[in-house]
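Here is the structure we will look at.
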Amino acid sequence: MVVAELEAFFSRPVAPTRRIAVGELRLAGGGAPDAAAMLLGGIVATFGRPLDDDDLADLVRLIGDVEAGRRTPQPRLRHRFQVDRVGLKRSSTKLVADSNGYFDLLIDRSNGTSIQHALAAVYAASRLHRDERRGAAAAMRAGLAWRGEVGPELLGMLRPGVVPSAMGAAVGSADPVSWAMRVLGLATVDDRPGRSTVQKAFRAALRDVHPDHGAPLDGAAVRIEELDTARRILLG
C-alpha cells in the first residue's frame, strides 16, 4: 500500500543550468505528518550519504531555512529551484507499507542525481504546515546521520515525536548566544563572531560529529540539529 509519494522533476546531469522542481506530495489516509516525515527523511538518508562535507553543510543549512519558513535565495547547492517543469525529467519516490505495518521506500533512480533528490525532499517540506515542517526537518537530520540500511528500521524511527529535538536546550538556556558559541566551539571568542566565522565553525563542527568521519551514530541526529540551531542563533 502506498502511504506517501513525492513527485519531483530534474534537469539532466549534462544540462548547462541545473534545475529542480517539486510536483505533488501525496499522502494517503490519516497520519499525514508521520508519512511525510518518514518519506522525506528516508529520501535524505538515501541520497545525503554521497554528498561531500561542503554540500552536507549547505544541505543542513537549507533544512534549517525551510524549517523556519525563511526565504531560500537561489541557486542552492548549485541548483535552481523553480515551478516550471518544462524540459525536466520526472521521478517518483513512494513510501509503502505492508500488511504487518512495516515501511519501505520505492525509489525511482532513472532520473536525478543525489543532490537533486535530496534537494527535492527539502523543498517538498516547505509545503507542509509549521508543526509538520518541524517534524520533517528533524526526520531529515536524522536521515543524514543514519548509516545503516534505509529500510523499515530507519523509517520506523522517523515518525514525528520519535526523533528527538535539540531546540529545547537552546530555548531553555539562560543565555542562548553563549550556549550557541559553546556548541560551535567559539566560547573563547571575546566578541560575537561574524557570519564567516560562524559558517566556518559550523562546517568544521559538522564534520567532527558526522558518522562518516568516525563519530558515533548514537545521538548524531541530535548533535547535527544542535549545530544548526546554534548557527541560526548566532546569525540572527
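Chain labels A, B, ... are given in the sequence in which chains occur in the C-alpha cells; within each chain residues are numbered consecutively from 1, and ligands are likewise numbered from 1 in the order shown.
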What's around stretch 16-24 of chain A at 7 Å? Count only C-alpha atoms, leave out sequence neighbours fewer than 5 positions away in its own chain, and write the answer as number ranges by chain. A: 6-11, 78-85, 116, 120, 124
Using only C-alpha atoms, please write the residues we just selected to a file, as a compact mmCIF listing (two decimals), in the first residue's frame.
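Generated output (again_32.txt):
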```txt
# COMPACT_ATOMS: atom_id res chain seq x y z
CA LEU A 6 6.85 12.59 -3.76
CA GLU A 7 6.92 13.65 -7.38
CA ALA A 8 9.99 15.62 -8.47
CA PHE A 9 11.43 16.92 -11.74
CA PHE A 10 15.12 17.23 -12.56
CA SER A 11 17.30 18.64 -15.30
CA ARG A 78 24.43 24.77 -7.49
CA HIS A 79 20.79 24.01 -8.40
CA ARG A 80 17.91 26.36 -9.06
CA PHE A 81 14.52 25.52 -7.57
CA GLN A 82 11.67 26.51 -9.87
CA VAL A 83 7.99 25.97 -10.59
CA ASP A 84 8.28 25.41 -14.34
CA ARG A 85 8.81 21.74 -15.25
CA GLN A 116 18.76 16.73 -6.80
CA ALA A 120 13.63 17.91 -3.76
CA ALA A 124 8.84 19.49 -0.51
```
Within 7 Å of A:Leu234, counting only C-alpha atoms, which residues show up once you throw out same-chain ones fewer than 3 positions away? Write them as number ranges by chain, please. A: 177, 180, 230-231
Set out as JSON lines a contact list for stretch 95-171 of chain A and stretch 189-206 of chain A with a cut-off of 12 Å, giving each residue of stretch 95-171 of chain A that qualifies its closest atom pair and distance in Å to one decimal, counting only C-alpha atoms, ordered by chain and rising residue number.
```
{"residue": "A:Arg141", "atom": "CA", "partner": "A:Leu206", "partner_atom": "CA", "distance": 11.7}
{"residue": "A:Leu144", "atom": "CA", "partner": "A:Leu206", "partner_atom": "CA", "distance": 11.2}
{"residue": "A:Ala145", "atom": "CA", "partner": "A:Leu206", "partner_atom": "CA", "distance": 10.6}
```
Keeping only C-alpha atoms, write those residues as a tab-separated table (two decimals), in the first residue's frame.
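The file below, out32.tsv, is the result:
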```tsv
chain	number	residue	atom	x	y	z
A	141	ARG	CA	18.53	15.48	10.01
A	144	LEU	CA	21.60	12.47	7.32
A	145	ALA	CA	23.05	10.87	10.45
```
Based on the backbone DSSP call, show me all residues of stretch 13-156 of chain A assigned helix (DSSP H, G or I), as an mmCIF file with C-alpha atoms, in the first residue's frame.
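That gives us part-v9.cif:
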```
data_model
loop_
_atom_site.group_PDB
_atom_site.id
_atom_site.type_symbol
_atom_site.label_atom_id
_atom_site.label_comp_id
_atom_site.auth_asym_id
_atom_site.auth_seq_id
_atom_site.Cartn_x
_atom_site.Cartn_y
_atom_site.Cartn_z
ATOM 1 C CA ALA A 32 -0.131 12.732 7.164
ATOM 2 C CA PRO A 33 2.673 14.312 9.229
ATOM 3 C CA ASP A 34 4.046 10.862 10.042
ATOM 4 C CA ALA A 35 4.004 9.781 6.402
ATOM 5 C CA ALA A 36 5.570 12.999 5.128
ATOM 6 C CA ALA A 37 8.375 12.940 7.705
ATOM 7 C CA MET A 38 9.152 9.288 7.061
ATOM 8 C CA LEU A 39 9.190 9.741 3.285
ATOM 9 C CA LEU A 40 11.322 12.890 3.250
ATOM 10 C CA GLY A 41 13.678 11.621 5.946
ATOM 11 C CA GLY A 42 14.120 8.375 4.033
ATOM 12 C CA ILE A 43 14.940 10.216 0.801
ATOM 13 C CA VAL A 44 17.564 12.361 2.533
ATOM 14 C CA ALA A 45 19.014 9.273 4.234
ATOM 15 C CA THR A 46 19.326 7.584 0.845
ATOM 16 C CA PHE A 47 20.795 10.466 -1.141
ATOM 17 C CA GLY A 48 22.572 12.544 1.509
ATOM 18 C CA ASP A 53 31.400 17.965 3.514
ATOM 19 C CA ASP A 54 30.560 21.341 1.953
ATOM 20 C CA ASP A 55 27.371 20.078 0.289
ATOM 21 C CA LEU A 56 26.351 18.334 3.506
ATOM 22 C CA ALA A 57 26.800 21.557 5.487
ATOM 23 C CA ASP A 58 24.822 23.515 2.877
ATOM 24 C CA LEU A 59 22.033 20.934 2.946
ATOM 25 C CA VAL A 60 21.778 21.132 6.739
ATOM 26 C CA ARG A 61 21.553 24.932 6.468
ATOM 27 C CA LEU A 62 18.815 24.641 3.857
ATOM 28 C CA ILE A 63 16.843 22.262 6.097
ATOM 29 C CA GLY A 64 17.053 24.876 8.847
ATOM 30 C CA ASP A 65 15.882 27.635 6.498
ATOM 31 C CA VAL A 66 12.902 25.593 5.325
ATOM 32 C CA GLU A 67 12.012 24.563 8.874
ATOM 33 C CA ALA A 68 11.941 28.213 9.965
ATOM 34 C CA SER A 114 21.930 12.532 -5.305
ATOM 35 C CA ILE A 115 21.915 16.289 -4.729
ATOM 36 C CA GLN A 116 18.758 16.725 -6.800
ATOM 37 C CA HIS A 117 16.831 14.053 -4.901
ATOM 38 C CA ALA A 118 17.937 15.416 -1.523
ATOM 39 C CA LEU A 119 17.046 18.982 -2.503
ATOM 40 C CA ALA A 120 13.628 17.909 -3.760
ATOM 41 C CA ALA A 121 12.856 16.349 -0.374
ATOM 42 C CA VAL A 122 13.867 19.506 1.497
ATOM 43 C CA TYR A 123 11.863 21.803 -0.780
ATOM 44 C CA ALA A 124 8.844 19.492 -0.513
ATOM 45 C CA ALA A 125 8.955 20.022 3.266
ATOM 46 C CA ARG A 130 4.729 24.750 10.504
ATOM 47 C CA ASP A 131 4.496 21.879 13.004
ATOM 48 C CA GLU A 132 4.703 19.330 10.209
ATOM 49 C CA ARG A 133 7.794 21.087 8.824
ATOM 50 C CA ARG A 134 9.483 20.728 12.205
ATOM 51 C CA GLY A 135 8.823 17.011 12.265
ATOM 52 C CA ALA A 136 10.030 16.619 8.691
ATOM 53 C CA ALA A 137 13.173 18.670 9.399
ATOM 54 C CA ALA A 138 14.024 16.517 12.416
ATOM 55 C CA ALA A 139 13.486 13.392 10.319
ATOM 56 C CA MET A 140 15.738 14.696 7.542
ATOM 57 C CA ARG A 141 18.529 15.485 10.007
ATOM 58 C CA ALA A 142 18.146 12.006 11.451
ATOM 59 C CA GLY A 143 18.327 10.648 7.921
ATOM 60 C CA LEU A 144 21.604 12.474 7.321
ATOM 61 C CA ALA A 145 23.054 10.869 10.452
ATOM 62 C CA PRO A 152 11.932 -0.496 7.993
ATOM 63 C CA GLU A 153 14.242 0.100 10.978
ATOM 64 C CA LEU A 154 15.107 3.646 9.952
ATOM 65 C CA LEU A 155 11.637 4.534 8.683
ATOM 66 C CA GLY A 156 10.062 3.445 11.958
#
```
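The nearest approach to A:Glu225 among the residues A:Glu5, A:Ser92, A:Leu184, A:Asp175, with only C-alpha atoms taken into account, belongs to A:Leu184.
Taking only stretch 16-173 of chain A, the residues that DSSP calls strand (DSSP E or B) from the backbone come to Arg19, Ile20, Ala21, Val22, Gly23, Glu24, Leu25, Arg26, Leu27, Arg76, His79, Arg80, Phe81, Lys89, Arg90, Ser91, Ser92, Thr93, Lys94, Leu95, Val96, Ala97, Phe103, Asp104, Leu105, Leu106 and Ile107 of chain A.
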Could those residues be written to a file, using N, CA and C atoms, as a JSON list (two decimals), in the first residue's frame?
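Written output follows (selection37.json):
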```
[["chain", "number", "residue", "atom", "x", "y", "z"],
["A", 19, "ARG", "N", 18.62, 22.34, -12.57],
["A", 19, "ARG", "CA", 17.32, 22.80, -12.08],
["A", 19, "ARG", "C", 16.55, 21.64, -11.46],
["A", 20, "ILE", "N", 15.68, 22.00, -10.52],
["A", 20, "ILE", "CA", 14.76, 21.02, -9.94],
["A", 20, "ILE", "C", 13.41, 21.69, -9.73],
["A", 21, "ALA", "N", 12.37, 20.88, -9.76],
["A", 21, "ALA", "CA", 11.01, 21.32, -9.43],
["A", 21, "ALA", "C", 10.36, 20.20, -8.65],
["A", 22, "VAL", "N", 9.42, 20.56, -7.81],
["A", 22, "VAL", "CA", 8.71, 19.58, -6.99],
["A", 22, "VAL", "C", 7.27, 19.55, -7.41],
["A", 23, "GLY", "N", 6.76, 18.35, -7.68],
["A", 23, "GLY", "CA", 5.36, 18.18, -8.02],
["A", 23, "GLY", "C", 4.53, 17.96, -6.77],
["A", 24, "GLU", "N", 3.68, 16.96, -6.80],
["A", 24, "GLU", "CA", 2.80, 16.71, -5.67],
["A", 24, "GLU", "C", 3.48, 15.89, -4.58],
["A", 25, "LEU", "N", 3.10, 16.19, -3.34],
["A", 25, "LEU", "CA", 3.45, 15.35, -2.20],
["A", 25, "LEU", "C", 2.14, 14.72, -1.76],
["A", 26, "ARG", "N", 1.91, 13.49, -2.19],
["A", 26, "ARG", "CA", 0.63, 12.83, -1.95],
["A", 26, "ARG", "C", 0.70, 12.01, -0.67],
["A", 27, "LEU", "N", -0.32, 12.16, 0.16],
["A", 27, "LEU", "CA", -0.38, 11.45, 1.43],
["A", 27, "LEU", "C", -1.71, 10.73, 1.51],
["A", 76, "ARG", "N", 20.76, 27.08, -4.79],
["A", 76, "ARG", "CA", 21.30, 26.44, -3.60],
["A", 76, "ARG", "C", 21.95, 25.13, -4.02],
["A", 79, "HIS", "N", 22.02, 24.34, -7.70],
["A", 79, "HIS", "CA", 20.79, 24.01, -8.40],
["A", 79, "HIS", "C", 19.75, 25.09, -8.15],
["A", 80, "ARG", "N", 18.97, 25.37, -9.17],
["A", 80, "ARG", "CA", 17.91, 26.36, -9.06],
["A", 80, "ARG", "C", 16.56, 25.67, -8.89],
["A", 81, "PHE", "N", 15.85, 26.05, -7.83],
["A", 81, "PHE", "CA", 14.52, 25.52, -7.57],
["A", 81, "PHE", "C", 13.51, 26.39, -8.31],
["A", 89, "LYS", "N", 12.97, 16.04, -16.23],
["A", 89, "LYS", "CA", 12.61, 14.63, -16.22],
["A", 89, "LYS", "C", 11.96, 14.26, -14.88],
["A", 90, "ARG", "N", 10.87, 13.51, -14.93],
["A", 90, "ARG", "CA", 10.10, 13.17, -13.74],
["A", 90, "ARG", "C", 10.70, 12.00, -12.98],
["A", 91, "SER", "N", 10.58, 12.08, -11.65],
["A", 91, "SER", "CA", 10.97, 10.98, -10.77],
["A", 91, "SER", "C", 9.92, 10.88, -9.66],
["A", 92, "SER", "N", 9.70, 9.68, -9.16],
["A", 92, "SER", "CA", 8.70, 9.49, -8.12],
["A", 92, "SER", "C", 9.25, 8.52, -7.07],
["A", 93, "THR", "N", 9.19, 8.92, -5.80],
["A", 93, "THR", "CA", 9.61, 8.06, -4.70],
["A", 93, "THR", "C", 8.39, 7.81, -3.81],
["A", 94, "LYS", "N", 8.17, 6.54, -3.46],
["A", 94, "LYS", "CA", 6.99, 6.15, -2.70],
["A", 94, "LYS", "C", 7.39, 5.54, -1.35],
["A", 95, "LEU", "N", 6.61, 5.87, -0.34],
["A", 95, "LEU", "CA", 6.68, 5.19, 0.96],
["A", 95, "LEU", "C", 5.54, 4.18, 0.98],
["A", 96, "VAL", "N", 5.88, 2.91, 1.16],
["A", 96, "VAL", "CA", 4.87, 1.85, 1.12],
["A", 96, "VAL", "C", 4.85, 1.12, 2.46],
["A", 97, "ALA", "N", 3.71, 0.53, 2.76],
["A", 97, "ALA", "CA", 3.55, -0.25, 3.99],
["A", 97, "ALA", "C", 2.93, -1.59, 3.65],
["A", 103, "PHE", "N", 7.38, -0.46, 6.89],
["A", 103, "PHE", "CA", 7.50, 0.53, 5.83],
["A", 103, "PHE", "C", 8.76, 0.31, 5.01],
["A", 104, "ASP", "N", 8.70, 0.74, 3.75],
["A", 104, "ASP", "CA", 9.88, 0.69, 2.88],
["A", 104, "ASP", "C", 9.75, 1.80, 1.84],
["A", 105, "LEU", "N", 10.87, 2.10, 1.17],
["A", 105, "LEU", "CA", 10.89, 3.10, 0.11],
["A", 105, "LEU", "C", 11.02, 2.44, -1.25],
["A", 106, "LEU", "N", 10.27, 2.94, -2.20],
["A", 106, "LEU", "CA", 10.42, 2.56, -3.61],
["A", 106, "LEU", "C", 10.92, 3.80, -4.34],
["A", 107, "ILE", "N", 12.18, 3.78, -4.75],
["A", 107, "ILE", "CA", 12.83, 4.97, -5.31],
["A", 107, "ILE", "C", 13.03, 4.80, -6.81]]
```
If you measure from atom CA of A:Leu227 to atom CA of A:Val183, what distance in Å do you get, rounded to one decimal? 6.5 Å
Residue among A:Pro75, A:Pro50, A:Gly112, A:Gly219 lying closest to A:Ala15, counting only C-alpha atoms: A:Gly112
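Taking atom CA of A:Asp108 and atom CA of A:Gly148 as the two end points, the separation is 20.3 Å.
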